[in-house]
Amino acid sequence: MAIKELMRIVQHNEIAENIFRLTVQGKLTKQVHEPGRFLHVKVSEGTTPLLRRPISIYDVDHEKKELTMIYRVEGQGTKLLSTRRVNEKLDILGPLGKGFPVEKAVPGEEALLIGGGIGVPPLYNLAKQLVKKGVKVTVILGFQTESVSILKEEFEKFGDVYLATVDGTIGTKGFVTDVIQMMGIKPDITYACGPKPMLKALKEQLPNERLYISLEERMGCGVGACLACVCKVPNDLTGYKKVCSDGPVFQAEEVVL
Amino acid sequence: MSMLNLELPGLTLKNPIMPASGCFGFGKEYAEFYDLSKLGAIMIKATTLEPRYGNPTPRVTETPGGMLNAIGLQNPGLDAVLTEHLPWLEQFDVPIIANVAGSTVEEYVEVARKISAAPNVEALELNISCPNVRHGGIAFGTDPSIAAELTKSVKSVSEVPVYVKLSPNVTRIVDMAKAIEAAGADGLTMINTLIGMRFHMHNAQPILANRTGGLSGPAIKPVALRMIYEVSQSVNIPIIGMGGIETADDVIEFMYAGASAVAVGTANFIDPYVCPNLIEALPERLKKLGFSHISECRGLSWKNSK
C-alpha cells in the first residue's frame with residue numbers, strides 16, 4: 001500500500017554527469033517489494049514546481065529501512081531535488097505503480113535486461129531478485145556517451161553486461177538493439193526500461209509475448225486519478241492504460257507505443 | 001455540534017469540502033488512502049454520452065504555482081458510469097455531484113436525464129467550461145444566451161438540482177452568472193481553469209500536445225476569489241468555489257469572498273490526503289478566528305463593507 005512519509009536523506013551524491021544517487025530512510029521502505037515501482041517525490045517546500053516528480057526505485061534495503069533512487073537532472077524539479085542535503089526530510093508518496101513481474105521468469109531460464117539512459121536504474125533490483133531466484137541474467141545498457149554511462153560494475157555482480165553508446169565512446173557504437181543482434185542473444189524473457197524509441201525497436205526485434213517494458217510519461221497525480229499519463233491500447237479507440245497505476249511496466253502487447 | 005455542516009440545493013453536506021471534478025476520477029484511487037465518507041461531497045469526472053479517449057500526451061505541464069492540463073474530457077461514457085462507477089460509490093455515505101459534459105445540447109440533455117436518476121447523484125454540475133475540447137465545453141460557457149439555453153434544457157430533464165460550472169475565460173463573468181441564474185440554475189461552481197500555454201525552448205513548439213491547456217493550482221486563486229466576490233453579490237444562488245485551494249485558510253478566504261462551499265482540485269495530486277486534512281483542520285482555525293460555524297464566514301468581505 002502506498003503511504004506518504006517525510007523520509008530522511010541519508011546519502012545524496014552525483015555519480016555521473018547530472019546523474020544523482022539518493023538514499024532515503026523511513027518506514028515506507030517496508031512496502032517496497034516488487035522491482036520497477038516508483039516514488040512520487042515532492043521536490044519543493046513551496047508551490048513551485050507544484051507537482052511531485054516520479055522517480056524509479058533503484059534498490060531497497062529492508063534491514064536499514066533504506067530506499068535508493070538514481071535520477072537525472074532534467075528540469076527545474078530534479079535540479080531542485082539535487083540541492084537537497086543529507087539529513088533533510090523529503091516528502092515521498094509511494095510505492096506507486098506496477099513493477100516488473102519477477103514471477104514470470106522461471107528458475108534456470110535466461111532473462112535479458114535492457115536499460116537505456118536513465119531507464120537503467122530500476123533494472124538493478126530486478127536483476128538482484130531474478131538472480132536470487134535462479135534465473136540467469138544478461139544485461140545490455142545503452143547510453144548517449146561515456147560520461148553518462150552508469151552502473152556497469154553494479155550489474156556485473158549479476159551476469160554478463162554489454163554496453164552500447166550512440167557515439168561509441170564506450171562499448172559497442174550504436175544501440176542496444178545492435179548488441180542483441182551482434183551477440184545473437186535469444187532470451188527466454190526480456191525486461192526493458194528506457195526511451196520510447198528504444199522500446200519500440202525492441203518490440204519489433206524481440207518476441208512480444210514475454211517482453212515487459214517500463215514506460216515513462218509526464219505525470220500528474222501518480223495514482224491513476226488525473227489521466228495525464230495515459231497510453232493507447234491495441235484495437236480499441238477509446239481504451240487506454242494509465243502509465244502511473246496500470247504500469248509503468250506493461251507486457252509489450254498491452255500497449256501501443 | 002458540527003461547525004462544518006451545510007445545506008445547499010439538493011445537498012446535505014457534512015462539511016464544505018469536496019474534491020473537484022477531473023481531479024479525483026470516480027473516487028477509486030483516493031479510496032486507497034482514506035474513507036470517502038469523510039468528504040462533504042464528491043464531484044466525479046466529467047461524463048459524456050459515449051466513451052472518450054481525450055487528447056494526445058503530453059497532457060500536463062507546469063508553471064509557477066500551477067499546472068496546465070489538457071486531458072480532453074477522457075471518460076468511460078455514460079453507460080459505464082451508471083453501471084460501474086456510481087454503484088461502486090454507493091458504499092460510501094457521501095453525496096455525488098455528477099459533472100455532465102457534451103458536444104451538443106442533445107448530448108448534455110441525454111446525459112443529464114439519465115445520470116440525474118442514479119440513486120446517489122444528488123446534484124449535477126453542468127460543464128460548460130472545459131477549455132480542452134474542440135466541440136462543446138467552453139463553447140457553451142462564453143456566451144450568456146447559449147449558456148442560459150443549455151441550462152434551461154438540462155433543468156427541464158434533471159431529477160436533481162443543477163449547478164453550472166463557470167469559465168473564467170470571459171470578459172464579464174457576472175453577465176454569465178446572471179443569465180444562468182435566470183435560466184433556472186440552482187447553484188454555480190467556479191472557477192474552471194484559465195486557458196494558457198507553455199513552449200519548448202529547443203523548438204519553440206507548445207509543450208502540450210493540445211497546444212493550450214487549463215491553468216489550475218495556487219496561481220489562479222486570486223482570479224477565483226475576485227470572480228466569486230463579484231458573482232456572489234450579483235446572484236441569489238449559492239456558489240461552490242474552487243481554484244487553487246490548499247489550506248484551511250484558503251477555504252475560509254473563499255467563504256469570505258462569497259462561496260458557500262468549496263472544491264479542491266489540483267491539491268489532491270500533491271497530497272492525496274488534502275481533503276480529509278482540511279476537514280480536520282477547519283474547526284480549530286474557525287475557532288481561532290472567532291467563528292462558531294463555517295457559514296458565518298460566507299460573504300463576510302462584502303457584507304462588512306456595505
# chains A, B, ... in the order shown; residues from 1 in each chain; ligands from 1
>>> interface_residues(of="chain A", to="chain B", cutoff="12 Å", atoms="only C-alpha atoms", output="ChimeraX atom specification")
/A:1-5,40-54,75-77,91-94,96-97,216-233,236-246,257
>>> residues_around(residues="Cys297 in chain B", least_positions_apart="6", cutoff="7 Å", atoms="only C-alpha atoms", output="number ranges by chain")
B: 252, 255-256
>>> write_last_selection(atoms="N, CA, C and O atoms", output="PDB file, in the first residue's frame")
ATOM      1  N   ILE B 252     -11.418  29.308   4.021  1.00  0.00           N
ATOM      2  CA  ILE B 252     -12.091  30.425   4.690  1.00  0.00           C
ATOM      3  C   ILE B 252     -12.063  31.676   3.806  1.00  0.00           C
ATOM      4  O   ILE B 252     -13.051  32.409   3.712  1.00  0.00           O
ATOM      5  N   MET B 255     -14.772  31.486   1.390  1.00  0.00           N
ATOM      6  CA  MET B 255     -16.051  31.771   2.049  1.00  0.00           C
ATOM      7  C   MET B 255     -16.215  33.295   2.220  1.00  0.00           C
ATOM      8  O   MET B 255     -17.285  33.839   1.948  1.00  0.00           O
ATOM      9  N   TYR B 256     -15.165  33.939   2.665  1.00  0.00           N
ATOM     10  CA  TYR B 256     -15.192  35.402   2.802  1.00  0.00           C
ATOM     11  C   TYR B 256     -15.603  36.046   1.473  1.00  0.00           C
ATOM     12  O   TYR B 256     -16.381  36.985   1.419  1.00  0.00           O
TER      13      TYR B 256
END
>>> residues_around(residues="Tyr229 in chain B", least_positions_apart="3", cutoff="7 Å", atoms="only C-alpha atoms", output="ChimeraX atom specification")
/B:225-226,232-233,257-258
>>> write_last_selection(atoms="C-alpha atoms", output="mmCIF file, in the first residue's frame")
data_model
loop_
_atom_site.group_PDB
_atom_site.id
_atom_site.type_symbol
_atom_site.label_atom_id
_atom_site.label_comp_id
_atom_site.auth_asym_id
_atom_site.auth_seq_id
_atom_site.Cartn_x
_atom_site.Cartn_y
_atom_site.Cartn_z
ATOM 1 C CA LEU B 225 -11.579 34.929 -5.386
ATOM 2 C CA ARG B 226 -12.212 38.070 -7.412
ATOM 3 C CA SER B 232 -21.822 36.253 -5.152
ATOM 4 C CA GLN B 233 -23.016 39.846 -4.781
ATOM 5 C CA ALA B 257 -15.320 36.084 -0.948
ATOM 6 C CA GLY B 258 -18.817 34.644 -1.097
#
>>> select_by_dssp(residues="range 12-191 of chain A", states="alpha helix (DSSP H)", output="PyMOL selection string")
chain A and resi 76-81+122-133+152-156+176-183
>>> residues_around(residues="Glu125 in chain B", least_positions_apart="6", cutoff="12 Å", atoms="only C-alpha atoms", output="ChimeraX atom specification")
/B:10,20-22,42-47,96-101,108,111-112,115-116,151,154-155,158,160-166,185-190,192,239-240
>>> select_by_dssp(residues="range 1-247 of chain A", states="strand (DSSP E)", output="ChimeraX atom specification")
/A:3-16,19-25,38-42,53-61,66-72,89-96,110-116,136-143,159-165,172-173,189-193,211-214,230-232,240-242
>>> residues_around(residues="Phe175 in chain A", least_positions_apart="2", cutoff="12 Å", atoms="only C-alpha atoms", output="PyMOL selection string")
chain A and resi 114-117+140-145+162-168+170-173+177-182+194-195+197-199+201-202
>>> residues_around(residues="Asp250 in chain B", least_positions_apart="5", cutoff="12 Å", atoms="only C-alpha atoms", output="number ranges by chain")
B: 17, 217-218, 221-222, 224-225, 241-245, 255-257, 259, 261-264, 267, 278, 281-282, 285
>>> atom_distance(atom1="CA of Val174 in chain B", atom2="CA of Val231 in chain B")
5.3 Å
>>> closest_residue(among="B:Trp88, B:Leu82, B:Thr48, B:Gly184", to="Asn127 in chain B", atoms="only C-alpha atoms")
B:Thr48
>>> decode(residues="range 37-158 of chain B", atoms="C-alpha atoms", output="compact mmCIF listing (two decimals), in the first residue's frame")
# COMPACT_ATOMS: atom_id res chain seq x y z
CA SER B 37 -17.47 9.09 3.55
CA LYS B 38 -15.46 11.80 5.32
CA LEU B 39 -15.97 14.13 2.35
CA GLY B 40 -18.71 16.73 2.07
CA ALA B 41 -19.45 15.51 -1.45
CA ILE B 42 -17.62 14.18 -4.50
CA MET B 43 -17.66 15.85 -7.88
CA ILE B 44 -17.00 12.98 -10.24
CA LYS B 45 -15.12 13.13 -13.53
CA ALA B 46 -16.99 14.73 -16.44
CA THR B 47 -19.23 12.22 -18.16
CA THR B 48 -20.21 12.27 -21.83
CA LEU B 49 -22.69 10.03 -23.66
CA GLU B 50 -20.02 7.91 -25.35
CA PRO B 51 -16.58 6.94 -24.04
CA ARG B 52 -13.89 9.48 -24.92
CA TYR B 53 -10.16 8.92 -25.20
CA GLY B 54 -9.27 12.58 -24.79
CA ASN B 55 -6.20 14.36 -26.09
CA PRO B 56 -2.76 13.01 -27.02
CA THR B 57 0.06 13.28 -24.45
CA PRO B 58 1.81 15.28 -23.06
CA ARG B 59 -1.32 16.39 -21.27
CA VAL B 60 0.24 18.28 -18.36
CA THR B 61 2.97 20.80 -17.80
CA GLU B 62 3.86 23.22 -15.04
CA THR B 63 4.12 26.91 -14.44
CA PRO B 64 4.96 28.84 -11.23
CA GLY B 65 2.45 27.84 -8.57
CA GLY B 66 0.33 25.99 -11.08
CA MET B 67 -0.11 23.41 -13.75
CA LEU B 68 -1.62 23.31 -17.20
CA ASN B 69 -3.70 20.31 -18.20
CA ALA B 70 -5.32 19.26 -21.43
CA ILE B 71 -6.85 15.88 -20.68
CA GLY B 72 -9.76 16.45 -23.07
CA LEU B 73 -12.68 15.02 -21.09
CA GLN B 74 -11.42 11.46 -21.22
CA ASN B 75 -14.12 9.32 -19.61
CA PRO B 76 -15.62 5.85 -19.91
CA GLY B 77 -19.00 7.14 -21.13
CA LEU B 78 -22.43 7.33 -19.52
CA ASP B 79 -23.22 3.60 -19.50
CA ALA B 80 -20.01 2.66 -17.68
CA VAL B 81 -20.51 5.48 -15.17
CA LEU B 82 -24.09 4.32 -14.49
CA THR B 83 -23.35 0.61 -14.27
CA GLU B 84 -19.88 0.57 -12.68
CA HIS B 85 -18.66 3.79 -11.13
CA LEU B 86 -21.77 5.19 -9.45
CA PRO B 87 -22.84 1.81 -7.98
CA TRP B 88 -19.31 1.37 -6.60
CA LEU B 89 -19.56 4.76 -4.90
CA GLU B 90 -22.79 3.73 -3.15
CA GLN B 91 -20.76 2.00 -0.42
CA PHE B 92 -19.82 5.47 0.88
CA ASP B 93 -22.09 7.82 2.80
CA VAL B 94 -21.38 10.79 0.54
CA PRO B 95 -23.48 12.74 -1.97
CA ILE B 96 -22.27 12.65 -5.56
CA ILE B 97 -22.30 15.67 -7.84
CA ALA B 98 -22.20 14.38 -11.41
CA ASN B 99 -20.31 16.55 -13.88
CA VAL B 100 -22.16 16.49 -17.20
CA ALA B 101 -20.43 17.30 -20.50
CA GLY B 102 -21.22 17.02 -24.17
CA SER B 103 -20.68 18.31 -27.69
CA THR B 104 -24.29 19.15 -28.42
CA VAL B 105 -27.32 20.28 -26.42
CA GLU B 106 -28.90 16.88 -27.11
CA GLU B 107 -25.89 15.10 -25.61
CA TYR B 108 -25.91 17.24 -22.45
CA VAL B 109 -29.64 16.63 -22.06
CA GLU B 110 -29.37 12.89 -22.57
CA VAL B 111 -26.51 12.51 -20.07
CA ALA B 112 -28.24 14.80 -17.54
CA ARG B 113 -31.56 12.94 -17.79
CA LYS B 114 -30.03 9.52 -17.16
CA ILE B 115 -27.30 10.38 -14.67
CA SER B 116 -29.60 12.52 -12.52
CA ALA B 117 -31.75 9.43 -11.97
CA ALA B 118 -28.90 7.49 -10.35
CA PRO B 119 -29.66 6.89 -6.64
CA ASN B 120 -26.53 8.53 -5.23
CA VAL B 121 -26.40 11.52 -7.58
CA GLU B 122 -27.73 14.43 -5.53
CA ALA B 123 -26.86 17.23 -7.94
CA LEU B 124 -25.48 17.88 -11.40
CA GLU B 125 -22.60 20.10 -12.32
CA LEU B 126 -23.08 21.33 -15.85
CA ASN B 127 -19.69 21.51 -17.52
CA ILE B 128 -19.84 24.46 -19.90
CA SER B 129 -16.29 25.49 -19.23
CA CYS B 130 -13.86 22.75 -20.26
CA PRO B 131 -11.20 24.59 -22.28
CA ASN B 132 -9.65 21.45 -23.73
CA VAL B 133 -12.16 20.06 -26.21
CA ARG B 134 -12.90 21.34 -29.68
CA HIS B 135 -16.67 20.98 -29.52
CA GLY B 136 -18.86 21.64 -26.53
CA GLY B 137 -17.31 22.55 -23.22
CA ILE B 138 -16.27 26.16 -23.23
CA ALA B 139 -18.19 26.90 -26.44
CA PHE B 140 -21.31 26.78 -24.26
CA GLY B 141 -19.74 28.76 -21.47
CA THR B 142 -18.66 32.02 -23.05
CA ASP B 143 -21.96 33.31 -24.45
CA PRO B 144 -24.63 34.13 -21.83
CA SER B 145 -27.60 33.32 -24.07
CA ILE B 146 -26.20 29.97 -25.20
CA ALA B 147 -25.33 29.07 -21.60
CA ALA B 148 -28.81 30.04 -20.47
CA GLU B 149 -30.49 27.94 -23.19
CA LEU B 150 -28.43 24.90 -22.24
CA THR B 151 -29.14 25.41 -18.55
CA LYS B 152 -32.86 25.57 -19.28
CA SER B 153 -32.77 22.40 -21.36
CA VAL B 154 -30.85 20.46 -18.73
CA LYS B 155 -33.01 21.81 -15.88
CA SER B 156 -36.12 20.57 -17.67
CA VAL B 157 -34.91 16.95 -17.61
CA SER B 158 -32.83 16.76 -14.44
